[in-house]
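Dropping final15.txt in here (compact mmCIF, C-alpha atoms and all ligand atoms):
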# COMPACT_ATOMS: atom_id res chain seq x y z
CA MET O 1054 -4.84 75.30 -62.73
CA ASP O 1055 -8.21 74.25 -61.21
CA THR O 1056 -8.75 73.74 -57.45
CA ASP O 1057 -8.25 69.97 -57.68
CA GLY O 1058 -4.96 70.54 -59.43
CA TYR O 1059 -3.72 72.83 -56.62
CA LEU O 1060 -4.89 70.35 -53.99
CA ASN O 1061 -3.13 67.49 -55.74
CA ARG O 1062 0.04 69.52 -56.08
CA ALA O 1063 -0.06 70.51 -52.43
CA LYS O 1064 -0.62 66.88 -51.45
CA HIS O 1065 2.28 65.71 -53.56
CA SER O 1066 4.68 68.35 -52.29
CA THR O 1067 3.87 67.29 -48.69
CA MET O 1068 4.59 63.67 -49.67
CA ASP O 1069 7.85 64.72 -51.38
CA ALA O 1070 8.86 66.60 -48.25
CA GLU O 1071 8.11 63.51 -46.14
CA ARG O 1072 10.21 61.38 -48.46
CA ASN O 1073 13.12 63.82 -48.54
CA CYS O 1074 13.16 64.05 -44.76
CA MET O 1075 14.01 60.37 -44.59
CA LYS O 1076 17.61 59.35 -44.81
CA LYS O 1077 18.32 57.05 -47.72
CA SER O 1078 19.01 54.12 -45.39
CA GLU O 1079 15.62 54.58 -43.73
CA ARG O 1080 13.73 54.50 -46.98
CA SER O 1081 14.17 50.88 -47.89
CA GLY O 1082 11.32 48.85 -46.40
CA ALA O 1083 9.63 52.00 -45.12
CA PHE O 1084 7.28 52.96 -47.92
CA ASP O 1085 4.11 52.88 -45.86
CA HIS O 1086 3.39 56.52 -46.72
CA ILE O 1087 3.39 55.67 -50.44
CA PHE O 1088 1.33 52.47 -50.33
CA ALA O 1089 -2.38 52.64 -51.19
CA THR O 1090 -4.68 53.16 -48.20
CA THR O 1091 -6.18 49.68 -48.60
CA VAL O 1092 -2.65 48.22 -48.46
CA LYS O 1093 -1.61 50.33 -45.45
CA GLU O 1094 -4.57 48.92 -43.53
CA GLN O 1095 -3.26 45.39 -44.09
CA ILE O 1096 0.38 45.97 -43.13
CA GLY O 1097 1.33 43.74 -40.20
CA LYS O 1098 -1.84 41.64 -40.48
CA ALA O 1099 -1.94 38.02 -41.65
CA GLY O 1100 -2.24 37.88 -45.43
CA TYR O 1101 -2.43 35.41 -48.31
CA GLY O 1102 -0.04 32.50 -47.74
CA ASP O 1103 0.76 33.22 -44.08
CA TRP O 1104 -0.92 29.99 -43.00
CA ARG O 1105 1.89 28.02 -44.61
CA THR O 1106 4.29 29.12 -41.89
CA ILE O 1107 2.58 26.98 -39.24
CA SER O 1108 4.64 23.81 -39.42
CA ALA O 1109 6.64 21.45 -37.24
CA PRO O 1110 8.98 19.18 -39.20
CA ASP O 1111 8.37 16.02 -37.14
CA ALA O 1112 4.61 16.45 -36.76
CA VAL O 1113 1.94 15.06 -39.09
CA SER O 1114 0.60 18.02 -41.03
CA LEU O 1115 -3.18 18.08 -41.11
CA GLY O 1116 -2.98 21.79 -41.89
CA TYR O 1117 -2.00 21.73 -45.53
CA GLY O 1118 -4.88 21.71 -48.00
CA PHE O 1119 -2.52 20.35 -50.65
CA PRO O 1120 -3.02 17.35 -52.92
CA TYR O 1121 -1.00 14.33 -51.73
CA PRO O 1122 2.36 14.17 -53.57
CA GLU O 1123 1.76 10.91 -55.51
CA SER O 1124 -1.42 12.36 -57.03
CA LEU O 1125 0.53 14.96 -59.01
CA PRO O 1126 0.63 13.75 -62.63
CA GLU O 1127 4.29 14.37 -63.47
CA ASP O 1128 4.58 11.82 -66.32
CA ASP O 1129 1.38 12.98 -67.99
CA LEU O 1130 2.53 16.59 -67.89
CA ILE O 1131 5.92 15.64 -69.40
CA GLU O 1132 4.01 13.89 -72.18
CA ALA O 1133 1.70 16.91 -72.62
CA THR O 1134 4.73 19.23 -72.85
CA GLU O 1135 6.35 17.10 -75.55
CA THR O 1136 3.12 16.83 -77.51
CA VAL O 1137 2.21 20.51 -77.57
CA LEU O 1138 5.77 21.58 -78.41
CA THR O 1139 6.00 19.00 -81.20
CA ASP O 1140 2.57 19.72 -82.63
CA GLU O 1141 2.77 23.48 -82.58
CA ASP O 1142 6.48 24.43 -82.64
CA GLU O 1143 7.09 27.98 -81.50
CA GLN O 1144 3.43 28.97 -81.88
CA VAL O 1145 2.58 27.55 -78.46
CA LEU O 1146 5.28 29.77 -76.95
CA GLN O 1147 4.03 32.97 -78.57
CA TYR O 1148 1.82 35.57 -76.88
CA GLY O 1149 -1.43 34.28 -78.31
CA GLY O 1150 -0.54 30.58 -77.99
CA GLY O 1151 -1.62 27.96 -80.54
CA SER O 1152 -4.71 25.85 -81.11
CA TYR O 1153 -4.39 24.03 -77.76
CA THR O 1154 -4.82 27.37 -75.99
CA GLU O 1155 -8.31 27.80 -77.39
CA GLN O 1156 -9.27 24.19 -76.77
CA LEU O 1157 -9.35 24.77 -73.04
CA GLU O 1158 -12.30 27.16 -73.26
CA THR O 1159 -14.23 24.70 -75.41
CA PHE O 1160 -13.46 21.87 -72.99
CA LEU O 1161 -14.57 23.92 -69.99
CA ALA O 1162 -17.76 25.11 -71.69
CA ASP O 1163 -18.72 21.52 -72.65
CA ARG O 1164 -17.98 20.30 -69.15
CA ALA O 1165 -20.05 23.06 -67.54
CA HIS O 1166 -22.86 22.28 -69.97
CA SER O 1167 -22.81 18.65 -68.92
CA ARG O 1168 -23.33 19.80 -65.29
CA GLY O 1169 -26.46 21.73 -66.27
CA ILE O 1170 -24.91 25.17 -66.80
CA ASP O 1171 -26.14 27.04 -69.85
CA CYS O 1172 -22.72 27.88 -71.23
CA GLY O 1173 -20.77 28.43 -74.46
CA THR O 1174 -17.15 29.50 -74.95
CA SER O 1175 -18.22 33.16 -74.81
CA ASN O 1176 -19.18 32.55 -71.17
CA VAL O 1177 -15.76 31.20 -70.14
CA LEU O 1178 -12.68 33.15 -69.09
CA VAL O 1179 -9.52 31.18 -68.25
CA THR O 1180 -7.55 32.72 -65.35
CA ASN O 1181 -4.27 32.13 -63.54
CA GLY O 1182 -6.01 30.09 -60.84
CA GLY O 1183 -9.10 30.35 -58.67
CA THR O 1184 -7.71 32.99 -56.33
CA ARG O 1185 -6.90 35.24 -59.28
CA ALA O 1186 -10.43 34.65 -60.54
CA ILE O 1187 -11.81 35.91 -57.20
CA ASP O 1188 -9.55 38.95 -57.34
CA THR O 1189 -10.60 39.81 -60.90
CA ILE O 1190 -14.28 39.62 -59.95
CA CYS O 1191 -13.63 41.88 -56.95
CA ARG O 1192 -11.92 44.41 -59.19
CA ALA O 1193 -15.01 44.53 -61.37
CA PHE O 1194 -17.51 45.09 -58.54
CA LEU O 1195 -15.91 46.47 -55.40
CA GLU O 1196 -14.69 49.81 -54.16
CA PRO O 1197 -13.13 50.44 -50.74
CA GLY O 1198 -15.90 50.78 -48.17
CA ASP O 1199 -18.36 48.53 -50.03
CA SER O 1200 -19.87 45.71 -48.09
CA MET O 1201 -19.89 42.05 -48.97
CA PHE O 1202 -20.99 38.83 -47.28
CA VAL O 1203 -19.00 35.63 -46.83
CA GLU O 1204 -19.61 32.35 -45.06
CA GLY O 1205 -18.26 32.12 -41.53
CA PRO O 1206 -15.98 30.18 -41.61
CA THR O 1207 -14.68 30.57 -45.18
CA PHE O 1208 -11.52 30.10 -47.30
CA MET O 1209 -8.88 32.33 -45.70
CA GLY O 1210 -7.25 33.06 -49.08
CA ALA O 1211 -10.49 34.70 -50.19
CA ILE O 1212 -10.73 36.74 -46.96
CA SER O 1213 -7.27 38.06 -47.66
CA VAL O 1214 -8.19 39.03 -51.25
CA PHE O 1215 -11.35 40.81 -50.07
CA ARG O 1216 -9.41 42.70 -47.40
CA ASN O 1217 -6.98 43.90 -50.05
CA HIS O 1218 -9.97 45.57 -51.69
CA GLY O 1219 -10.77 47.49 -48.50
CA VAL O 1220 -14.31 46.17 -48.19
CA GLU O 1221 -16.40 45.65 -45.08
CA LEU O 1222 -16.84 41.89 -44.58
CA THR O 1223 -19.75 40.31 -42.75
CA SER O 1224 -19.84 36.57 -42.19
CA ILE O 1225 -23.00 34.49 -42.09
CA GLY O 1226 -22.92 31.19 -40.21
CA VAL O 1227 -22.62 27.72 -41.71
CA ASP O 1228 -24.20 24.48 -40.42
CA ALA O 1229 -24.39 20.89 -41.66
CA ASP O 1230 -26.48 22.06 -44.67
CA GLY O 1231 -24.13 24.88 -45.64
CA LEU O 1232 -24.73 28.63 -45.44
CA ASP O 1233 -27.46 29.43 -42.89
CA ILE O 1234 -30.07 30.93 -45.21
CA ASP O 1235 -32.43 31.99 -42.41
CA ALA O 1236 -29.59 33.96 -40.80
CA LEU O 1237 -28.75 35.50 -44.18
CA ALA O 1238 -32.37 36.51 -44.79
CA GLU O 1239 -32.59 38.03 -41.32
CA THR O 1240 -29.33 39.97 -41.71
CA LEU O 1241 -30.47 41.35 -45.07
CA ARG O 1242 -33.86 42.31 -43.67
CA LEU O 1243 -32.33 44.09 -40.67
CA ARG O 1244 -29.89 46.01 -42.83
CA GLU O 1245 -32.72 47.15 -45.05
CA GLN O 1246 -34.72 48.22 -42.00
CA GLN O 1247 -31.74 50.25 -40.77
CA GLY O 1248 -31.45 51.93 -44.19
CA ARG O 1249 -28.13 50.25 -44.94
CA ASP O 1250 -27.15 49.03 -48.42
CA SER O 1251 -27.37 45.37 -49.36
CA PRO O 1252 -23.99 43.76 -49.92
CA LYS O 1253 -22.75 44.01 -53.50
CA LEU O 1254 -21.35 40.49 -53.46
CA LEU O 1255 -21.83 37.28 -51.53
CA TYR O 1256 -18.98 34.77 -51.73
CA THR O 1257 -19.91 31.14 -51.16
CA ILE O 1258 -18.32 27.72 -51.57
CA PRO O 1259 -21.57 25.75 -51.77
CA THR O 1260 -20.10 22.33 -52.52
CA PHE O 1261 -17.64 20.63 -50.12
CA GLN O 1262 -16.79 23.93 -48.51
CA ASN O 1263 -13.35 25.02 -47.37
CA PRO O 1264 -12.93 24.74 -44.36
CA THR O 1265 -15.98 22.73 -43.16
CA GLY O 1266 -16.49 20.21 -46.00
CA VAL O 1267 -20.28 20.74 -45.87
CA SER O 1268 -22.53 21.37 -48.89
CA LEU O 1269 -25.47 23.72 -49.34
CA SER O 1270 -28.74 21.75 -49.53
CA MET O 1271 -30.89 21.96 -52.67
CA ASP O 1272 -33.60 23.91 -50.88
CA ARG O 1273 -31.06 26.46 -49.60
CA ARG O 1274 -29.50 26.79 -53.07
CA LYS O 1275 -32.87 27.90 -54.41
CA ARG O 1276 -33.51 30.26 -51.51
CA LEU O 1277 -30.09 31.84 -51.87
CA LEU O 1278 -30.84 32.66 -55.52
CA GLU O 1279 -34.19 34.16 -54.53
CA LEU O 1280 -32.54 36.36 -51.89
CA ALA O 1281 -29.90 37.52 -54.38
CA GLU O 1282 -32.71 38.61 -56.69
CA GLU O 1283 -34.72 40.27 -53.92
CA TYR O 1284 -31.78 42.20 -52.46
CA ASP O 1285 -29.91 42.68 -55.74
CA PHE O 1286 -26.49 41.21 -55.09
CA VAL O 1287 -24.13 39.06 -57.15
CA ILE O 1288 -23.06 35.62 -55.94
CA ILE O 1289 -19.50 34.37 -56.40
CA GLU O 1290 -19.80 30.58 -56.46
CA ASP O 1291 -16.38 29.08 -55.73
CA ASP O 1292 -16.51 25.48 -56.96
CA ALA O 1293 -12.89 24.55 -56.18
CA TYR O 1294 -13.89 21.13 -54.79
CA GLY O 1295 -17.02 20.36 -56.86
CA ASP O 1296 -15.34 17.43 -58.69
CA LEU O 1297 -14.10 15.78 -55.51
CA ARG O 1298 -17.23 13.93 -54.46
CA TYR O 1299 -17.00 10.62 -52.57
CA THR O 1300 -20.62 9.49 -52.79
CA GLU O 1301 -23.10 9.05 -55.63
CA HIS O 1302 -25.28 11.93 -54.44
CA ASP O 1303 -24.62 15.00 -56.58
CA LEU O 1304 -25.96 18.54 -56.22
CA PRO O 1305 -26.12 20.92 -59.19
CA PRO O 1306 -23.84 23.96 -59.09
CA LEU O 1307 -25.67 27.19 -58.16
CA LYS O 1308 -24.85 28.42 -61.65
CA ALA O 1309 -26.98 25.61 -63.11
CA LEU O 1310 -30.00 26.95 -61.19
CA ASP O 1311 -29.37 30.59 -62.05
CA ASP O 1312 -31.84 32.14 -64.54
CA THR O 1313 -30.87 35.76 -63.92
CA GLY O 1314 -27.10 35.74 -64.50
CA ARG O 1315 -26.38 36.73 -60.87
CA VAL O 1316 -24.04 33.82 -60.23
CA VAL O 1317 -20.40 34.17 -61.24
CA HIS O 1318 -18.99 30.65 -61.08
CA ILE O 1319 -15.30 29.93 -60.60
CA GLY O 1320 -13.21 26.78 -60.76
CA THR O 1321 -9.58 25.70 -60.56
CA PHE O 1322 -7.37 22.79 -61.62
CA SER O 1323 -5.29 23.19 -58.43
CA LYS O 1324 -7.06 20.27 -56.78
CA THR O 1325 -7.71 18.00 -59.76
CA ILE O 1326 -4.41 18.39 -61.69
CA ALA O 1327 -1.83 20.29 -59.61
CA PRO O 1328 -1.62 23.63 -57.75
CA GLY O 1329 1.50 24.46 -59.76
CA VAL O 1330 -0.40 24.73 -63.05
CA ARG O 1331 -2.28 27.61 -61.43
CA THR O 1332 -5.03 27.53 -63.99
CA GLY O 1333 -8.63 28.35 -63.18
CA TRP O 1334 -11.70 29.79 -64.88
CA ILE O 1335 -14.73 32.01 -64.53
CA ILE O 1336 -18.16 31.26 -66.01
CA ALA O 1337 -20.52 34.22 -66.23
CA THR O 1338 -22.84 36.10 -68.58
CA GLU O 1339 -21.27 37.64 -71.68
CA GLU O 1340 -21.90 41.13 -70.22
CA ILE O 1341 -20.02 40.39 -67.00
CA LEU O 1342 -17.27 38.57 -68.87
CA ALA O 1343 -16.75 41.54 -71.20
CA VAL O 1344 -15.85 43.60 -68.12
CA LEU O 1345 -13.69 40.86 -66.59
CA ARG O 1346 -11.77 40.37 -69.85
CA LYS O 1347 -10.84 44.05 -69.86
CA LEU O 1348 -9.54 43.73 -66.30
CA SER O 1349 -7.43 40.63 -66.91
CA ALA O 1350 -4.67 42.58 -68.64
CA GLY O 1351 -1.72 40.44 -69.71
CA GLY O 1352 -3.94 37.39 -70.07
CA THR O 1353 -2.95 33.93 -68.91
CA ASN O 1354 0.13 31.78 -69.27
CA THR O 1355 -0.74 30.35 -72.66
CA PHE O 1356 1.91 27.62 -72.52
CA THR O 1357 0.60 26.12 -69.26
CA ARG O 1358 -2.91 26.53 -70.57
CA SER O 1359 -1.96 24.48 -73.65
CA LEU O 1360 -0.51 21.67 -71.50
CA VAL O 1361 -3.65 21.68 -69.39
CA ALA O 1362 -5.84 21.64 -72.52
CA HIS O 1363 -3.99 18.61 -73.88
CA TYR O 1364 -4.19 16.88 -70.50
CA CYS O 1365 -7.94 17.47 -70.31
CA THR O 1366 -8.91 16.70 -73.89
CA SER O 1367 -6.89 13.46 -74.01
CA GLY O 1368 -9.07 12.01 -71.23
CA LYS O 1369 -6.39 12.26 -68.53
CA LEU O 1370 -8.38 14.66 -66.35
CA ALA O 1371 -11.38 12.35 -66.12
CA ALA O 1372 -9.13 9.36 -65.30
CA ASN O 1373 -7.24 11.37 -62.67
CA ILE O 1374 -10.45 12.56 -61.03
CA ASP O 1375 -11.65 8.93 -60.77
CA ALA O 1376 -8.37 7.88 -59.16
CA ILE O 1377 -8.10 10.75 -56.68
CA ARG O 1378 -11.75 10.47 -55.68
CA ARG O 1379 -11.04 6.93 -54.51
CA ALA O 1380 -7.84 7.95 -52.71
CA TYR O 1381 -9.37 11.00 -51.00
CA GLY O 1382 -12.52 9.07 -50.13
CA GLU O 1383 -10.36 6.49 -48.34
CA ARG O 1384 -8.49 9.26 -46.47
CA LYS O 1385 -11.75 10.95 -45.52
CA ASP O 1386 -13.17 7.69 -44.12
CA ARG O 1387 -9.96 7.06 -42.20
CA MET O 1388 -10.07 10.50 -40.64
CA GLN O 1389 -13.71 10.06 -39.58
CA GLN O 1390 -12.98 6.65 -38.01
CA SER O 1391 -9.91 8.01 -36.28
CA LEU O 1392 -11.83 10.98 -34.86
CA GLU O 1393 -14.43 8.55 -33.47
CA THR O 1394 -11.66 6.52 -31.84
CA HIS O 1395 -9.49 9.28 -30.41
CA MET O 1396 -11.50 12.43 -29.71
CA PRO O 1397 -13.16 13.07 -26.35
CA PRO O 1398 -16.99 13.23 -26.34
CA THR O 1399 -16.93 17.02 -25.93
CA ALA O 1400 -15.55 17.46 -29.47
CA GLU O 1401 -17.78 17.75 -32.54
CA TRP O 1402 -16.81 17.53 -36.20
CA THR O 1403 -18.36 17.71 -39.67
CA GLU O 1404 -18.97 14.66 -41.87
CA PRO O 1405 -18.17 15.78 -45.41
CA THR O 1406 -18.96 13.72 -48.50
CA GLY O 1407 -16.31 15.43 -50.64
CA GLY O 1408 -13.50 17.96 -50.72
CA PHE O 1409 -10.42 18.04 -48.50
CA PHE O 1410 -11.52 19.15 -45.02
CA VAL O 1411 -13.13 18.36 -41.67
CA TRP O 1412 -14.05 21.14 -39.23
CA VAL O 1413 -13.72 20.40 -35.53
CA THR O 1414 -15.45 22.36 -32.75
CA LEU O 1415 -14.08 22.04 -29.20
CA PRO O 1416 -15.41 23.27 -25.86
CA ALA O 1417 -15.65 27.08 -25.73
CA GLN O 1418 -12.74 27.58 -23.32
CA ILE O 1419 -10.15 26.00 -25.64
CA ASP O 1420 -8.16 28.41 -27.82
CA THR O 1421 -6.89 26.33 -30.74
CA GLU O 1422 -4.21 28.87 -31.61
CA GLU O 1423 -2.66 28.41 -28.15
CA MET O 1424 -3.26 24.67 -28.22
CA LEU O 1425 -1.33 24.35 -31.50
CA VAL O 1426 2.03 24.58 -29.73
CA ASP O 1427 1.22 21.53 -27.59
CA ALA O 1428 -0.35 19.72 -30.54
CA ALA O 1429 2.85 20.18 -32.56
CA GLU O 1430 4.88 18.80 -29.65
CA ASN O 1431 2.53 15.82 -29.47
CA GLY O 1432 3.00 15.22 -33.21
CA VAL O 1433 0.27 17.00 -35.23
CA THR O 1434 -0.45 20.40 -36.77
CA TYR O 1435 -3.73 21.88 -37.99
CA LEU O 1436 -5.03 25.33 -38.86
CA PRO O 1437 -6.70 27.26 -36.02
CA GLY O 1438 -10.34 28.13 -36.76
CA SER O 1439 -9.92 31.86 -36.16
CA MET O 1440 -8.07 32.12 -39.49
CA PHE O 1441 -11.28 31.40 -41.35
CA PHE O 1442 -13.44 34.26 -40.08
CA PRO O 1443 -13.24 37.94 -41.01
CA GLU O 1444 -14.33 38.75 -37.44
CA ASP O 1445 -12.44 37.95 -34.27
CA THR O 1446 -14.11 34.59 -33.53
CA GLY O 1447 -13.80 30.84 -34.15
CA ASN O 1448 -11.09 30.37 -31.48
CA ASN O 1449 -12.43 27.03 -30.25
CA SER O 1450 -12.47 25.43 -33.72
CA LEU O 1451 -9.88 24.07 -36.10
CA ARG O 1452 -9.55 22.78 -39.66
CA LEU O 1453 -8.16 19.35 -40.48
CA SER O 1454 -7.14 18.41 -43.99
CA PHE O 1455 -7.06 14.76 -45.03
CA SER O 1456 -5.72 15.50 -48.52
CA TYR O 1457 -1.95 15.72 -48.06
CA VAL O 1458 -0.85 12.83 -45.85
CA SER O 1459 -1.27 9.04 -46.04
CA PRO O 1460 -4.09 7.17 -44.23
CA ASP O 1461 -1.60 5.88 -41.64
CA GLU O 1462 -0.31 9.39 -40.96
CA ILE O 1463 -3.92 10.51 -40.56
CA ASP O 1464 -4.32 7.92 -37.77
CA ARG O 1465 -1.15 9.10 -36.05
CA GLY O 1466 -2.11 12.76 -36.40
CA ILE O 1467 -5.62 12.29 -35.03
CA ALA O 1468 -4.31 10.20 -32.12
CA ALA O 1469 -1.96 13.10 -31.25
CA LEU O 1470 -4.82 15.58 -31.60
CA GLY O 1471 -7.09 13.51 -29.35
CA GLN O 1472 -4.37 13.35 -26.71
CA THR O 1473 -3.83 17.13 -26.92
CA VAL O 1474 -7.55 17.95 -26.67
CA ARG O 1475 -7.87 15.69 -23.62
CA GLU O 1476 -4.93 17.50 -22.00
CA TRP O 1477 -6.69 20.80 -22.62
CA THR O 1478 -10.18 19.75 -21.56
C1 LIG T 1 -12.28 27.42 -51.91
C2 LIG T 1 -10.99 27.64 -52.62
N1 LIG T 1 -10.96 28.46 -53.68
C3 LIG T 1 -9.82 28.68 -54.36
C4 LIG T 1 -8.65 28.07 -53.98
C5 LIG T 1 -7.36 28.38 -54.67
O1 LIG T 1 -7.37 28.15 -56.01
P1 LIG T 1 -6.02 28.42 -56.82
O2 LIG T 1 -4.97 27.51 -56.27
O3 LIG T 1 -6.41 28.06 -58.20
O4 LIG T 1 -5.70 29.86 -56.66
C6 LIG T 1 -8.63 27.22 -52.89
C7 LIG T 1 -7.37 26.59 -52.47
O5 LIG T 1 -7.12 26.21 -51.38
C8 LIG T 1 -9.84 27.00 -52.19
O6 LIG T 1 -9.87 26.21 -51.12

Before we go any further, please render this structure as C-alpha cells.
Amino acid sequence: MDTDGYLNRAKHSTMDAERNCMKKSERSGAFDHIFATTVKEQIGKAGYGDWRTISAPDAVSLGYGFPYPESLPEDDLIEATETVLTDEDEQVLQYGGGSYTEQLETFLADRAHSRGIDCGTSNVLVTNGGTRAIDTICRAFLEPGDSMFVEGPTFMGAISVFRNHGVELTSIGVDADGLDIDALAETLRLREQQGRDSPKLLYTIPTFQNPTGVSLSMDRRKRLLELAEEYDFVIIEDDAYGDLRYTEHDLPPLKALDDTGRVVHIGTFSKTIAPGVRTGWIIATEEILAVLRKLSAGGTNTFTRSLVAHYCTSGKLAANIDAIRRAYGERKDRMQQSLETHMPPTAEWTEPTGGFFVWVTLPAQIDTEEMLVDAAENGVTYLPGSMFFPEDTGNNSLRLSFSYVSPDEIDRGIAALGQTVREWT
C-alpha cells in the first residue's frame, strides 16, 4: 500500500473510532464529523430558504418575492397537461420525454436570438430552475478557497449556493446604474498589485436586480465585459427578471454584447410562468455547455418541461408576460407613490423600471433586523438588508417586494413601514 493509502486508512479508522464512541441515540442528527468541510462551515448559519420564515400572519408581506397568486396560470397548465398527455401518450412520461421536451430548447434559442444573443439549440441547457443553473455553473468552475465577486447587495439564494461551494466572496457596490464598475476596476487592480488572483467568476443580475431593482447602464455593460477580458474571469449573468420591464426602454442582455464567450447567461420561468414549474436554462458556448451537460446528471423533469414547452409555443407565455407586466407595473407605481406619501425625508429608495423589488436605505443608526419586530406589530414585514450581503453589512437597509400583494395592501404595508421608521428615527 502506498503512503496515501496508509494515510487514508489511518484517517478512516480515526473516524470509525469517533463514530463508534457515540451511543446510537446520539448519532441521529449529529453527523457533523461526516459532512463535507464546506457543509460543516455552513451548519447553524442562514441558508437557502431561511428567509421564508420571517412572517407575521396579520401583517402585509412585502418580504416575499413571489408572483401574486392570481397571476399563476392554473387553467393553461391544466390544458397543457391534457394536450401533451393526449398527443404523446406514455412517451412524455418516459426518461427521454417526447417531442415537446425538445421544443423547449428550440423556443429558448429563438427567443434569445431575438434579443440579440448569437444562439442555437446547442448553446441552450434546460435546468431545474435558475438556482440550479447557478449551482451547476459553480460546480464547473469553483473549488473551495477560490474567490468570486458578487454585487453588494445581491440575491441571497445565490449567496447561499456560493457559500456551499466554500468560496471566498467579495461584494462590489451597486448604485442607481447597477454594479459600480469603477469600484470593480479598482478592486481588481489592487488585488493584482498585491499578487492575489483575479476572481474566477463574477455573478451579476444586470437587469432589474434582486434586491435593488436597478439595471446596469449600457456604458457599464461594455466596461464590465472589457474588465472580464482583461482580468480573465467568467461572468454569470442572471436574467431572472429581464422580461419584467415596465417601460419602453430596453437594454440588451450582457450575453448579446459578449464576443468572447465569457458570459454564461441564465434564466428562469419562476417569475413569468410559476415558481412551481422550477424550469430554467443556461445559455453559453458549446465548450462550456459540454462541461455543464456532464455535470447535470439525471437531467431535468421532462414532463414539466413538456408542459412548459407547450405553454410557450402556443403563445401563452407572451400573452402572460404582457398581462403581468401591466399588473406589476401598476404595483410598482403604487409602491413608489406610497413611499413618497409615508416615508420620512431621511429615507431613500430605488426607482426601478422592472422586476419585483425596491431597496430602501434608512439612517445609519437603524438596524432593520431589530426594527422588523416592531414593523410586524405595526402590520408589515420586509426582508432586512443584511441578508443580501456576503459580508456583515447592510443593516440600515431593507428590501420591499411589490410582486405578491395587491395595490391596496401595498398602501397599507408602506403606511405601516413609514410609521415604524418614524418611531425609530
Ligand atoms: C436573481 C434571481 N435568480 C434566480 C432566482 C430563482 O430562480 P428559480 O426559482 O428558478 O430557482 C431568483 C428568485 O428569487 C432570483 O431573484

Point to revise | Who sits within 12 Å of Ala1229 of chain O, all atoms listed in the file, same chain under 3 positions skipped, as a ChimeraX atom specification | key: /O:1226,1232-1233,1259-1262,1265-1270,1273,1401-1406,1411-1412

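The contact shell of ligand LIG 1 (chain T), defined as all polymer residues within 6 Å when all atoms listed in the file are used, comprises O:Gly1182, O:Gly1183, O:Thr1184, O:Phe1208, O:Asn1263, O:Asp1291, O:Ala1293, O:Thr1321, O:Ser1323, O:Pro1328, O:Arg1331, O:Thr1332, O:Gly1333.
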
Check your understanding: So how far away is atom CA of Ser1200 of chain O from atom CA of Arg1249 of chain O, in Å?
Key -> 9.9 Å

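Near Thr1325 of chain O, within 9 Å and counting only C-alpha atoms, sit Pro1120, Ser1124, Leu1125, Tyr1294, Asp1296, Leu1297, Thr1321, Leu1370, Asn1373, Ile1374 and Ile1377 of chain O; same-chain residues fewer than 4 positions away were not included.
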
**Study point:** Selection as a PyMOL selection string: residues within 12 Å of (2.2, 17.6, -67.5), counting only C-alpha atoms
**Key:** chain O and resi 1125-1137+1326-1327+1329-1330+1356-1365+1367+1369-1370

For the residues in that selection, give me C-alpha atoms as a compact mmCIF listing (two decimals), in the coordinates of the input.
# COMPACT_ATOMS: atom_id res chain seq x y z
CA LEU O 1125 0.53 14.96 -59.01
CA PRO O 1126 0.63 13.75 -62.63
CA GLU O 1127 4.29 14.37 -63.47
CA ASP O 1128 4.58 11.82 -66.32
CA ASP O 1129 1.38 12.98 -67.99
CA LEU O 1130 2.53 16.59 -67.89
CA ILE O 1131 5.92 15.64 -69.40
CA GLU O 1132 4.01 13.89 -72.18
CA ALA O 1133 1.70 16.91 -72.62
CA THR O 1134 4.73 19.23 -72.85
CA GLU O 1135 6.35 17.10 -75.55
CA THR O 1136 3.12 16.83 -77.51
CA VAL O 1137 2.21 20.51 -77.57
CA ILE O 1326 -4.41 18.39 -61.69
CA ALA O 1327 -1.83 20.29 -59.61
CA GLY O 1329 1.50 24.46 -59.76
CA VAL O 1330 -0.40 24.73 -63.05
CA PHE O 1356 1.91 27.62 -72.52
CA THR O 1357 0.60 26.12 -69.26
CA ARG O 1358 -2.91 26.53 -70.57
CA SER O 1359 -1.96 24.48 -73.65
CA LEU O 1360 -0.51 21.67 -71.50
CA VAL O 1361 -3.65 21.68 -69.39
CA ALA O 1362 -5.84 21.64 -72.52
CA HIS O 1363 -3.99 18.61 -73.88
CA TYR O 1364 -4.19 16.88 -70.50
CA CYS O 1365 -7.94 17.47 -70.31
CA SER O 1367 -6.89 13.46 -74.01
CA LYS O 1369 -6.39 12.26 -68.53
CA LEU O 1370 -8.38 14.66 -66.35

**Study point:** Counting all atoms listed in the file, the residue of O:Gly1382, O:Ser1439, O:Pro1398, O:Pro1110 that sits nearest Arg1298 of chain O
**Key:** O:Gly1382

Review point. What does the distance between atom CA of Thr1338 of chain O and atom CA of Arg1164 of chain O come to in Å, to one decimal place?
Key: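 Separating atom CA of Thr1338 of chain O from atom CA of Arg1164 of chain O is a distance of 16.5 Å.
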
**Study point:** Exercise: residues within 9 Å of coordinate (-7.2, 8.4, -33.7), counting all atoms listed in the file, as a PyMOL selection string
**Key:** chain O and resi 1388-1396+1463-1471

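Reported to one decimal place, the separation of atom CA of Leu1345 of chain O from atom CA of Arg1192 of chain O is 8.4 Å.
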
For segment 1287-1295 of chain O, take all atoms listed in the file, fit an axis-aligned box around them, add 4 Å to each of the six sides, then output centre and edge lengths in Å rounded to one decimal, as lines of an AutoDock Vina configuration file.
center_x = -18.5
center_y = 29.7
center_z = -56.0
size_x = 19.2
size_y = 26.7
size_z = 10.4

Exercise for review: Could you give me, as a count of residues only, the residues within 9 Å of Glu1141 of chain O, counting only C-alpha atoms and dropping anything in the same chain fewer than 3 positions from it?
Suggested key: 9

**Study point:** Contact residues around Ala1380 of chain O with all atoms listed in the file at 10 Å, ignoring same-chain residues under 6 positions, as a PyMOL selection string
**Key:** chain O and resi 1121+1124+1299+1374+1456+1459-1460

Practice item. Could you tell me which of O:Ala1089, O:Cys1172, O:Ile1288, O:Leu1157 comes closest to Met1201 of chain O if we count all atoms listed in the file? Key: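 So, comparing all the options, the nearest one is O:Ile1288.
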
Practice item. Choose the residue, out of O:Asp1461, O:Ile1190, O:Gly1314, O:Gly1438, that has the smallest atom-to-atom separation from Lys1347 of chain O; count only C-alpha atoms. Key: O:Ile1190

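Candidate residues O:Glu1301, O:Asp1312, O:Glu1430, O:Asp1420 were compared for distance to Leu1451 of chain O, and the nearest is O:Asp1420, using all atoms listed in the file.
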
**Study point:** Exercise: Val1203 of chain O partners within 9 Å, all atoms listed in the file, chain neighbours under 6 positions left out, as a ChimeraX atom specification
**Key:** /O:1212,1222-1226,1254-1257,1442-1443
